[in-house]
Amino acid sequence: MTSATPPTRLSVLDRSRTRRGEEPAQALRDTVAFAREIDRLGYHRFWVSEHHGVPGVAGSAPTVLAAAVAAATTRIRVGTGGVMLPNHRPMVVAEQFGVLAALFPGRIDMGLGRSVGFTDGVRRALGREKDAADDFGAQLAELLGYFDGSQRVHRDVHARPAEGLHVPAFVLATGAGADLAADAGLPLVIAAARGEDRMLGAIDRYRTRFRPSAQTAEPYVVVSGTVAVAETEERACELLVPEAWAGAYSRTHGEFPPLDPAAEILARAMSARERAAFEQSLKGHIAGTPEQAAAELAALVARTGADEFLVVTSTYDRAELLDSYRLLAEAVGQV
């Protein structure tokens, strides 16, 4: 992956991660500033996420944040990774993306997921139950119908200004969601959250089952994952530490925390359970020098046949985070 044209598009998902002792507002401002730099580096898309009631994530309103990002950038496509459709009424989602697409024509993506709130309290606050994700297929069809005028769930109801606008939709999935993406004829966004073999199986099912739609004529696969790049392999691996510890802490304490500095985490005394979760969280990522990372990424793209790779990397030091994305872009010939 050192030619002038990368063999696959590279995009970015930023979750507006907070740092210890920092106000959430700072994380949101930094997401917008980060997007400007990612735009300059030639990445294809910049997406933001939806999380509710999570101490370590400031991004709870992705369409609002996407508007700020789109206003601050000039070229890059902007979207959501994703809006969790079970948490919202399809008409409201259509209206929000319609406004975005009207303000920033040709630059807005609509990434959609099936997750609901992570805790009983959050789900109650959202007015949703655990089984809300079961209706995703019907919600998706209704949402898309507001854009092309075909929805009949609520006759004579139109989403303004969405109707008649083209906003590319993507389905975020870990397993069964791949079948829903195929049935709807939409691009699939998938990660190896349950292991690469299961991800490859889901991708195969998606391609086999795919039914062309007005939006997408052929299967389109976006693989998502962490890529940490630094001048040395050791330093690249250290970039993984803050997010790995946050993941381990969430599994052992039930709360996803703000990011801590890597040096403090590595010096920390951990229980056996914490240590096992932390070491597990460090696995399955790409980390190394620019040459190593580019080679590993090329191999992953070859194994999956991905049309696009969505980089989801976070670490405590924002300057080092931007350097990682810059080194990756340079390594694949993107800049």
# chains A, B, ... in the order shown; residues from 1 in each chain; ligands from 1

$ select_by_dssp --residues "region 42-209 of chain A" --states "alpha helix (DSSP H)" --output "ChimeraX atom specification"
/A:62-72,90-103,120-126,136-148,177-184,196-209

$ closest_residue --among "A:Arg77, A:His158, A:Arg194, A:Arg326" --to "Gly111 (chain A)" --atoms "only C-alpha atoms"
A:Arg77

$ closest_residue --among "A:Glu330, A:Asp323, A:Glu308, A:Asp183" --to "Ala294 (chain A)" --atoms "only C-alpha atoms"
A:Glu330

$ closest_atom_pairs --of "region 188-284 of chain A" --to "region 135-155 of chain A" --cutoff "12 Å" --atoms "only C-alpha atoms" --output "tab-separated table"
residue	atom	partner	partner_atom	distance
A:Ser213	CA	A:Leu144	CA	11.3
A:Ala214	CA	A:Asp148	CA	9.8
A:Gln215	CA	A:Leu144	CA	10.0

$ write_last_selection --atoms "N, CA, C and O atoms" --output "mmCIF file, in the first residue's frame"
data_model
loop_
_atom_site.group_PDB
_atom_site.id
_atom_site.type_symbol
_atom_site.label_atom_id
_atom_site.label_comp_id
_atom_site.auth_asym_id
_atom_site.auth_seq_id
_atom_site.Cartn_x
_atom_site.Cartn_y
_atom_site.Cartn_z
ATOM 1 N N SER A 213 -30.456 -2.557 -5.073
ATOM 2 C CA SER A 213 -31.495 -1.586 -4.762
ATOM 3 C C SER A 213 -31.292 -0.337 -5.603
ATOM 4 O O SER A 213 -30.293 -0.210 -6.330
ATOM 5 N N ALA A 214 -32.215 0.593 -5.491
ATOM 6 C CA ALA A 214 -32.073 1.857 -6.213
ATOM 7 C C ALA A 214 -30.847 2.619 -5.753
ATOM 8 O O ALA A 214 -30.257 3.385 -6.517
ATOM 9 N N GLN A 215 -30.427 2.364 -4.521
ATOM 10 C CA GLN A 215 -29.273 3.076 -3.987
ATOM 11 C C GLN A 215 -27.946 2.392 -4.304
ATOM 12 O O GLN A 215 -26.956 3.057 -4.612
#

$ atom_distance --atom1 "CA of Ala272 (chain A)" --atom2 "CA of Val241 (chain A)"
17.1 Å

$ closest_residue --among "A:Gly53, A:Gly225, A:Pro90, A:Pro168" --to "Leu13 (chain A)" --atoms "only C-alpha atoms"
A:Gly225

$ residues_around --residues "Tyr325 (chain A)" --least-positions-apart "4" --cutoff "8 Å" --atoms "only C-alpha atoms" --output "ChimeraX atom specification"
/A:38,228-229,321,329

$ closest_residue --among "A:Ser224, A:Ser250, A:Ser324, A:Ser271" --to "Gly284 (chain A)" --atoms "only C-alpha atoms"
A:Ser224

$ atom_distance --atom1 "CA of Gly333 (chain A)" --atom2 "CA of Arg40 (chain A)"
13.7 Å

$ closest_residue --among "A:Glu37, A:Asp307, A:Glu95, A:Asp120" --to "His52 (chain A)" --atoms "only C-alpha atoms"
A:Asp120

$ atom_distance --atom1 "CA of Arg198 (chain A)" --atom2 "CA of Gly175 (chain A)"
7.6 Å

$ closest_residue --among "A:Met199, A:Val332, A:Ala244, A:Ala173" --to "Gln280 (chain A)" --atoms "only C-alpha atoms"
A:Ala244

$ select_by_dssp --residues "region 58-306 of chain A" --states "strand (DSSP E)" --output "PyMOL selection string"
chain A and resi 77-80+83-84+110-113+169-173+188-191+221-225+227-229+286-288

$ residues_around --residues "Ala262 (chain A)" --least-positions-apart "4" --cutoff "8 Å" --atoms "only C-alpha atoms" --output "list in words"
Glu238, Leu239, Val241, Pro242, Leu266 and Tyr316 of chain A

$ residues_around --residues "His88 (chain A)" --least-positions-apart "3" --cutoff "12 Å" --atoms "only C-alpha atoms" --output "mmCIF file with N, CA and C atoms, in the first residue's frame"
data_model
loop_
_atom_site.group_PDB
_atom_site.id
_atom_site.type_symbol
_atom_site.label_atom_id
_atom_site.label_comp_id
_atom_site.auth_asym_id
_atom_site.auth_seq_id
_atom_site.Cartn_x
_atom_site.Cartn_y
_atom_site.Cartn_z
ATOM 1 N N GLU A 50 -23.045 7.672 18.173
ATOM 2 C CA GLU A 50 -24.120 7.943 19.131
ATOM 3 C C GLU A 50 -23.951 7.055 20.357
ATOM 4 N N ALA A 61 -25.346 13.149 20.261
ATOM 5 C CA ALA A 61 -26.279 13.652 19.253
ATOM 6 C C ALA A 61 -25.547 13.734 17.913
ATOM 7 N N VAL A 83 -26.247 6.572 13.620
ATOM 8 C CA VAL A 83 -27.485 6.848 14.346
ATOM 9 C C VAL A 83 -28.134 5.510 14.675
ATOM 10 N N MET A 84 -28.446 5.293 15.953
ATOM 11 C CA MET A 84 -29.043 4.030 16.376
ATOM 12 C C MET A 84 -30.552 4.108 16.158
ATOM 13 N N LEU A 85 -30.993 3.561 15.049
ATOM 14 C CA LEU A 85 -32.371 3.745 14.602
ATOM 15 C C LEU A 85 -33.418 3.303 15.626
ATOM 16 N N MET A 91 -39.208 9.090 10.953
ATOM 17 C CA MET A 91 -39.486 10.381 10.329
ATOM 18 C C MET A 91 -38.543 11.463 10.855
ATOM 19 N N VAL A 92 -38.272 11.455 12.151
ATOM 20 C CA VAL A 92 -37.380 12.448 12.733
ATOM 21 C C VAL A 92 -35.970 12.286 12.163
ATOM 22 N N VAL A 93 -35.517 11.038 12.036
ATOM 23 C CA VAL A 93 -34.198 10.782 11.460
ATOM 24 C C VAL A 93 -34.153 11.285 10.020
ATOM 25 N N ALA A 94 -35.194 11.013 9.253
ATOM 26 C CA ALA A 94 -35.242 11.483 7.871
ATOM 27 C C ALA A 94 -35.182 13.003 7.812
ATOM 28 N N GLU A 95 -35.930 13.662 8.677
ATOM 29 C CA GLU A 95 -35.911 15.120 8.689
ATOM 30 C C GLU A 95 -34.535 15.661 9.041
ATOM 31 N N GLN A 96 -33.884 15.059 10.019
ATOM 32 C CA GLN A 96 -32.561 15.536 10.423
ATOM 33 C C GLN A 96 -31.551 15.398 9.283
ATOM 34 N N LEU A 112 -26.411 3.823 9.903
ATOM 35 C CA LEU A 112 -27.503 3.440 10.799
ATOM 36 C C LEU A 112 -27.171 2.148 11.537
ATOM 37 N N GLY A 113 -27.403 2.132 12.840
ATOM 38 C CA GLY A 113 -27.139 0.953 13.639
ATOM 39 C C GLY A 113 -28.370 0.441 14.348
ATOM 40 N N ARG A 114 -28.241 -0.757 14.953
ATOM 41 C CA ARG A 114 -29.368 -1.434 15.594
ATOM 42 C C ARG A 114 -29.304 -1.400 17.118
ATOM 43 N N SER A 115 -28.268 -0.812 17.705
ATOM 44 C CA SER A 115 -28.102 -0.869 19.152
ATOM 45 C C SER A 115 -29.122 -0.001 19.874
ATOM 46 N N VAL A 116 -29.458 -0.408 21.082
ATOM 47 C CA VAL A 116 -30.266 0.412 21.974
ATOM 48 C C VAL A 116 -29.388 0.782 23.170
ATOM 49 N N GLY A 117 -29.922 1.545 24.110
ATOM 50 C CA GLY A 117 -29.133 1.954 25.271
ATOM 51 C C GLY A 117 -28.514 0.768 25.985
ATOM 52 N N ARG A 123 -32.226 2.979 28.618
ATOM 53 C CA ARG A 123 -33.321 2.528 27.751
ATOM 54 C C ARG A 123 -34.657 3.106 28.214
ATOM 55 N N LEU A 126 -34.865 6.652 27.162
ATOM 56 C CA LEU A 126 -35.101 6.764 25.727
ATOM 57 C C LEU A 126 -36.480 6.256 25.325
ATOM 58 N N GLY A 127 -37.169 5.615 26.257
ATOM 59 C CA GLY A 127 -38.480 5.054 25.943
ATOM 60 C C GLY A 127 -38.394 3.808 25.095
ATOM 61 N N ARG A 128 -37.332 3.021 25.270
ATOM 62 C CA ARG A 128 -37.117 1.825 24.463
ATOM 63 C C ARG A 128 -36.859 0.616 25.362
ATOM 64 N N ALA A 132 -36.179 -3.571 21.079
ATOM 65 C CA ALA A 132 -36.464 -2.545 20.071
ATOM 66 C C ALA A 132 -35.685 -2.791 18.784
ATOM 67 N N ALA A 133 -34.511 -3.412 18.903
ATOM 68 C CA ALA A 133 -33.696 -3.679 17.716
ATOM 69 C C ALA A 133 -34.350 -4.685 16.779
ATOM 70 N N ASP A 135 -37.136 -4.560 15.460
ATOM 71 C CA ASP A 135 -37.940 -3.869 14.446
ATOM 72 C C ASP A 135 -37.086 -3.089 13.456
ATOM 73 N N PHE A 136 -35.773 -3.309 13.486
ATOM 74 C CA PHE A 136 -34.864 -2.490 12.674
ATOM 75 C C PHE A 136 -35.208 -2.548 11.186
ATOM 76 N N GLN A 139 -38.165 -0.378 10.488
ATOM 77 C CA GLN A 139 -37.802 1.024 10.691
ATOM 78 C C GLN A 139 -36.948 1.539 9.533
ATOM 79 N N LEU A 140 -36.025 0.691 9.079
ATOM 80 C CA LEU A 140 -35.147 1.072 7.976
ATOM 81 C C LEU A 140 -35.951 1.321 6.705
ATOM 82 N N LEU A 143 -37.815 4.579 7.027
ATOM 83 C CA LEU A 143 -36.892 5.707 6.905
ATOM 84 C C LEU A 143 -36.526 5.985 5.448
#

$ residues_around --residues "Phe309 (chain A)" --least-positions-apart "3" --cutoff "6 Å" --atoms "only C-alpha atoms" --output "ChimeraX atom specification"
/A:10,222-224

$ residues_around --residues "region 273-278 of chain A" --least-positions-apart "5" --cutoff "10 Å" --atoms "only C-alpha atoms" --output "number ranges by chain"
A: 241-253, 283

$ write_last_selection --atoms "C-alpha atoms" --output "PDB file, in the first residue's frame"
ATOM      1  CA  VAL A 241      -3.245   1.254  25.881  1.00  0.00           C
ATOM      2  CA  PRO A 242      -5.709   4.026  26.929  1.00  0.00           C
ATOM      3  CA  GLU A 243      -8.625   2.655  24.903  1.00  0.00           C
ATOM      4  CA  ALA A 244      -7.769  -0.943  25.851  1.00  0.00           C
ATOM      5  CA  TRP A 245      -7.863  -0.048  29.535  1.00  0.00           C
ATOM      6  CA  ALA A 246     -11.186   1.780  29.118  1.00  0.00           C
ATOM      7  CA  GLY A 247     -12.628  -1.329  27.478  1.00  0.00           C
ATOM      8  CA  ALA A 248     -11.248  -3.580  30.187  1.00  0.00           C
ATOM      9  CA  TYR A 249     -12.585  -1.312  32.915  1.00  0.00           C
ATOM     10  CA  SER A 250     -16.040  -1.295  31.376  1.00  0.00           C
ATOM     11  CA  ARG A 251     -16.127  -5.091  31.334  1.00  0.00           C
ATOM     12  CA  THR A 252     -14.922  -5.443  34.911  1.00  0.00           C
ATOM     13  CA  HIS A 253     -16.653  -2.448  36.545  1.00  0.00           C
ATOM     14  CA  LYS A 283      -5.556  -7.961  20.747  1.00  0.00           C
TER      15      LYS A 283
END
